[in-house]
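The structure file protein31.txt is reproduced below (compact mmCIF, C-alpha atoms and all ligand atoms).
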```txt
# COMPACT_ATOMS: atom_id res chain seq x y z
CA MET A 4 98.77 125.82 135.92
CA THR A 5 99.24 122.47 134.16
CA THR A 6 96.38 120.15 133.25
CA GLU A 7 96.83 116.65 134.56
CA ILE A 8 97.01 114.03 131.80
CA PRO A 9 95.26 110.79 132.76
CA LYS A 10 97.65 107.82 132.86
CA ASP A 11 95.20 105.31 131.41
CA ILE A 12 93.22 105.44 128.19
CA THR A 13 90.13 103.25 127.76
CA PHE A 14 88.36 102.73 124.45
CA ASN A 15 85.69 100.42 123.03
CA THR A 16 86.03 98.90 119.61
CA GLN A 17 84.70 96.15 117.36
CA LEU A 18 86.94 93.47 115.85
CA ARG A 19 85.51 90.81 113.52
CA GLY A 20 82.00 91.76 114.69
CA HIS A 21 82.72 91.39 118.42
CA ASP A 22 82.83 94.16 121.04
CA PHE A 23 85.98 94.79 123.08
CA THR A 24 87.15 97.23 125.73
CA PHE A 25 90.86 98.01 125.93
CA THR A 26 92.72 99.95 128.60
CA THR A 27 96.15 101.18 127.58
CA THR A 28 98.74 103.71 128.62
CA TRP A 29 101.19 106.15 127.08
CA GLY A 30 104.36 104.55 125.78
CA LEU A 31 102.68 101.35 124.58
CA PHE A 32 102.25 100.80 120.84
CA SER A 33 99.14 102.56 119.41
CA PRO A 34 97.64 103.50 122.80
CA LYS A 35 94.60 105.48 121.62
CA ALA A 36 93.08 103.02 119.13
CA ILE A 37 93.79 99.69 117.44
CA ASP A 38 96.56 100.20 114.88
CA ALA A 39 95.53 99.82 111.21
CA GLY A 40 98.06 97.00 110.69
CA THR A 41 96.87 95.16 113.80
CA ARG A 42 93.25 95.42 112.60
CA LEU A 43 94.20 94.12 109.14
CA LEU A 44 96.06 91.17 110.71
CA ILE A 45 93.09 90.29 112.95
CA GLU A 46 90.71 90.42 109.97
CA GLN A 47 92.86 88.02 107.93
CA LEU A 48 93.54 85.25 110.48
CA LYS A 49 92.12 81.79 109.79
CA ILE A 50 91.91 79.90 113.08
CA ASN A 51 90.00 76.88 114.43
CA SER A 52 88.47 76.86 117.88
CA SER A 53 90.69 73.89 118.83
CA ASP A 54 93.92 75.74 117.93
CA THR A 55 96.70 76.75 120.29
CA CYS A 56 97.81 80.25 119.26
CA LEU A 57 100.50 82.77 120.12
CA ASP A 58 100.38 86.57 119.91
CA LEU A 59 104.10 87.38 119.65
CA GLY A 60 104.80 90.95 120.88
CA CYS A 61 101.28 91.36 122.25
CA GLY A 62 101.47 94.97 123.48
CA TYR A 63 98.23 95.64 125.38
CA GLY A 64 96.79 92.49 123.87
CA ALA A 65 94.66 93.34 120.83
CA VAL A 66 95.60 90.36 118.63
CA GLY A 67 95.56 87.64 121.30
CA ILE A 68 92.37 88.92 122.90
CA ALA A 69 90.61 89.13 119.53
CA ILE A 70 91.65 85.53 118.74
CA ALA A 71 90.53 84.31 122.17
CA LYS A 72 87.08 85.87 121.82
CA CYS A 73 86.38 85.28 118.12
CA PHE A 74 87.61 81.65 118.07
CA GLN A 75 86.59 80.47 121.56
CA PRO A 76 87.73 78.24 123.18
CA ALA A 77 91.06 78.50 121.28
CA ASN A 78 93.96 78.37 123.72
CA VAL A 79 95.86 81.67 123.44
CA TYR A 80 99.30 82.65 124.70
CA MET A 81 100.41 86.27 124.57
CA VAL A 82 104.00 87.41 125.14
CA ASP A 83 105.84 90.70 125.28
CA LYS A 84 109.26 91.72 126.59
CA ASP A 85 107.82 94.92 128.11
CA PHE A 86 106.39 94.46 131.61
CA VAL A 87 104.08 97.46 131.14
CA ALA A 88 102.60 95.84 128.03
CA VAL A 89 102.20 92.56 129.94
CA ASP A 90 100.41 94.35 132.83
CA TYR A 91 97.93 96.00 130.48
CA ALA A 92 97.45 92.85 128.40
CA ARG A 93 96.52 91.03 131.65
CA LYS A 94 94.07 93.81 132.58
CA ASN A 95 92.49 93.56 129.14
CA VAL A 96 92.20 89.77 129.29
CA GLU A 97 90.36 90.18 132.59
CA GLN A 98 88.13 93.02 131.45
CA ASN A 99 87.13 91.15 128.29
CA GLN A 100 86.52 87.98 130.39
CA LEU A 101 88.70 85.56 128.47
CA PRO A 102 89.83 82.61 130.60
CA ASN A 103 91.43 81.01 127.51
CA CYS A 104 94.31 83.59 127.43
CA LYS A 105 97.66 83.38 129.20
CA VAL A 106 99.97 86.44 129.21
CA LEU A 107 103.72 85.98 129.81
CA LEU A 108 106.69 88.30 130.08
CA SER A 109 109.09 86.82 127.51
CA ASN A 110 111.89 87.89 125.23
CA GLY A 111 110.52 86.33 122.04
CA PHE A 112 110.12 82.61 122.74
CA SER A 113 112.37 82.56 125.85
CA HIS A 114 109.53 81.68 128.26
CA LEU A 115 107.68 79.39 125.88
CA SER A 116 110.27 76.63 125.90
CA ASP A 117 108.29 73.51 125.03
CA ILE A 118 104.96 74.88 123.72
CA GLN A 119 103.96 74.10 120.12
CA PHE A 120 101.44 76.28 118.28
CA ASP A 121 98.98 75.87 115.42
CA VAL A 122 99.09 79.61 114.71
CA ILE A 123 101.57 82.35 115.60
CA ALA A 124 100.46 85.91 114.80
CA SER A 125 102.51 89.08 115.16
CA ASN A 126 102.38 92.74 114.38
CA LEU A 127 106.17 92.68 114.21
CA PRO A 128 108.33 95.12 116.17
CA ALA A 129 109.86 96.25 112.88
CA LYS A 130 111.92 99.11 114.33
CA THR A 131 114.02 96.79 116.47
CA GLY A 132 116.07 95.61 113.46
CA ASN A 133 116.30 92.78 110.96
CA GLU A 134 118.25 90.46 113.25
CA LEU A 135 115.44 90.22 115.80
CA LEU A 136 112.90 89.53 113.06
CA GLN A 137 115.10 86.76 111.64
CA ILE A 138 115.41 85.23 115.14
CA PHE A 139 111.60 85.45 115.56
CA PHE A 140 111.04 83.62 112.23
CA THR A 141 113.58 80.87 112.95
CA GLU A 142 112.20 80.29 116.45
CA ALA A 143 108.60 80.46 115.19
CA LYS A 144 109.41 77.63 112.77
CA HIS A 145 110.57 75.46 115.69
CA HIS A 146 107.47 76.30 117.75
CA LEU A 147 104.91 75.50 115.04
CA LYS A 148 103.17 72.11 114.79
CA PRO A 149 103.11 70.35 111.41
CA ASN A 150 100.88 72.50 109.12
CA GLY A 151 101.20 75.38 111.63
CA ARG A 152 101.11 78.92 110.26
CA LEU A 153 102.98 82.14 111.02
CA TYR A 154 101.05 85.32 110.16
CA VAL A 155 102.79 88.69 110.30
CA VAL A 156 101.79 92.24 109.47
CA THR A 157 104.30 94.94 108.58
CA ILE A 158 104.31 98.22 106.76
CA SER A 159 104.18 97.42 103.05
CA GLY A 160 107.74 98.73 102.54
CA LEU A 161 109.05 95.65 104.40
CA ARG A 162 107.24 93.10 102.30
CA GLN A 163 110.22 92.09 100.13
CA PHE A 164 112.33 91.57 103.28
CA ILE A 165 109.58 89.36 104.73
CA LYS A 166 109.23 87.45 101.48
CA ARG A 167 112.99 86.78 101.23
CA ASN A 168 113.23 85.62 104.83
CA PHE A 169 110.10 83.44 104.74
CA LEU A 170 111.43 81.73 101.60
CA ASP A 171 114.86 81.23 103.22
CA ILE A 172 113.55 79.93 106.55
CA PHE A 173 110.22 78.21 105.71
CA GLY A 174 110.64 77.60 101.97
CA ASN A 175 107.29 79.27 101.30
CA TYR A 176 105.57 82.68 101.44
CA ARG A 177 102.02 83.84 100.87
CA LYS A 178 100.89 87.44 100.62
CA VAL A 179 97.55 87.23 102.42
CA LYS A 180 96.42 90.85 102.03
CA GLN A 181 98.05 94.09 100.95
CA ARG A 182 96.62 97.51 101.71
CA ASN A 183 98.33 100.85 100.98
CA THR A 184 100.09 101.01 104.30
CA HIS A 185 100.30 97.41 105.53
CA THR A 186 100.77 93.87 104.24
CA VAL A 187 99.82 90.62 105.96
CA ALA A 188 102.02 87.65 105.02
CA MET A 189 101.96 83.98 105.99
CA ALA A 190 104.41 81.08 106.03
CA MET A 191 103.62 77.41 106.78
CA VAL A 192 105.59 74.59 108.30
C1 LIG B 201 104.29 96.77 116.70
S1 LIG B 201 104.07 96.46 118.42
C2 LIG B 201 102.58 95.46 118.35
C3 LIG B 201 101.82 95.45 119.66
C4 LIG B 201 100.47 94.71 119.61
N1 LIG B 201 100.61 93.34 119.12
C5 LIG B 201 99.50 95.45 118.72
O1 LIG B 201 99.31 95.02 117.57
O2 LIG B 201 98.95 96.46 119.18
C6 LIG B 201 105.35 95.26 118.73
C7 LIG B 201 105.43 94.74 120.17
O3 LIG B 201 106.52 93.82 120.22
C8 LIG B 201 107.14 93.91 121.48
N2 LIG B 201 108.50 93.37 121.39
C9 LIG B 201 109.61 93.96 120.86
N3 LIG B 201 110.66 93.13 120.97
C10 LIG B 201 110.22 92.00 121.60
C11 LIG B 201 110.86 90.80 122.02
N4 LIG B 201 112.15 90.59 121.83
N5 LIG B 201 110.09 89.86 122.62
C12 LIG B 201 108.78 90.06 122.83
N6 LIG B 201 108.13 91.19 122.47
C13 LIG B 201 108.84 92.15 121.86
C14 LIG B 201 107.09 95.40 121.80
O4 LIG B 201 107.25 95.62 123.20
C15 LIG B 201 105.71 95.78 121.24
O5 LIG B 201 104.73 95.69 122.25
```

Starting from the coordinates I provided, produce the structure as structure tokens.
Amino acid sequence: MTTEIPKDITFNTQLRGHDFTFTTTWGLFSPKAIDAGTRLLIEQLKINSSDTCLDLGCGYGAVGIAIAKCFQPANVYMVDKDFVAVDYARKNVEQNQLPNCKVLLSNGFSHLSDIQFDVIASNLPAKTGNELLQIFFTEAKHHLKPNGRLYVVTISGLRQFIKRNFLDIFGNYRKVKQRNTHTVAMAMV
């Protein structure tokens, strides 16, 4: 006899002092709890309530949903190329009651054609290869308003790659926070 594994996982958590409920499913990134890198990124973001923000590669929505709740009424877009991630991100926006979030199925910036952001934040899909990350950075630069900021978190082993590429593309790089496993970096337009 086999035991049936539930398809959905629901957990409660606190981010920046606020309570959240997330529903996720197997196959999405970090389905059982908020990833340590994601949490570090959320803790380090500096955002104003009037900002328009993007969670690039939103998964089930942790970063965008945290921004939308902690910096209300900031206007938050969330995109992912995975329709399962988009479905769950939408569920989580609804269950956390955040009318200031919009979730879109998009390959990087492909469905964000003319939107300009004050802040773009991403727990980068590092395993998909350097080329995609370089495309993300170049497109992020074109989608940021003057003084706009790109925040990324990666495993710390990638930090020299991030530094090199931020300096090439943006002409600047700031290490915002480094922990053993993860580093948050920022570039400005
Ligand atoms: C490291 S996970 C982070 C997920 C979520 N932001 C979090 O922190 O829990 C990276 C996400 O990027 C998405 N992704 C990968 N390539 C993408 C692309 N070309 N366009 C949009 N999203 C992409 C993946 O589907 C995945 O959900």

Close residues to ligand LIG 201 (chain B) using all atoms listed in the file, limit 10 Å, as a PyMOL selection string
chain A and resi 30-34+36-45+58-67+81-89+92+107-114+124-132+135-136+138-139+156-157

Once 8 Å is added on each side, what centre and edge lengths in Å to one decimal does the axis-aligned box around all listed atoms of stretch 116-123 of chain A have, as AutoDock Vina command-line options?
```
--center_x 104.6 --center_y 77.9 --center_z 120.3 --size_x 27.3 --size_y 24.8 --size_z 27.2
```

Within 9 Å of A:Ala71, counting all atoms listed in the file, which residues qualify if same-chain residues fewer than 3 places away don't, as a PyMOL selection string?
chain A and resi 52+56+66-68+74-79+101-104

My list of candidates is A:Gln47, A:Ser53, A:Thr5, A:Thr13. Which is closest to A:Lys35 when distances are computed with all atoms listed in the file?
A:Thr13

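Here atom CA of A:Ile118 and atom CA of A:Ala143 stand 10.8 Å from one another.
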
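With all atoms listed in the file as the atoms that count, the minimum distance from A:Ile165 to the choices A:Arg177, A:Lys10, A:Lys105, A:Lys72 is reached by A:Arg177.
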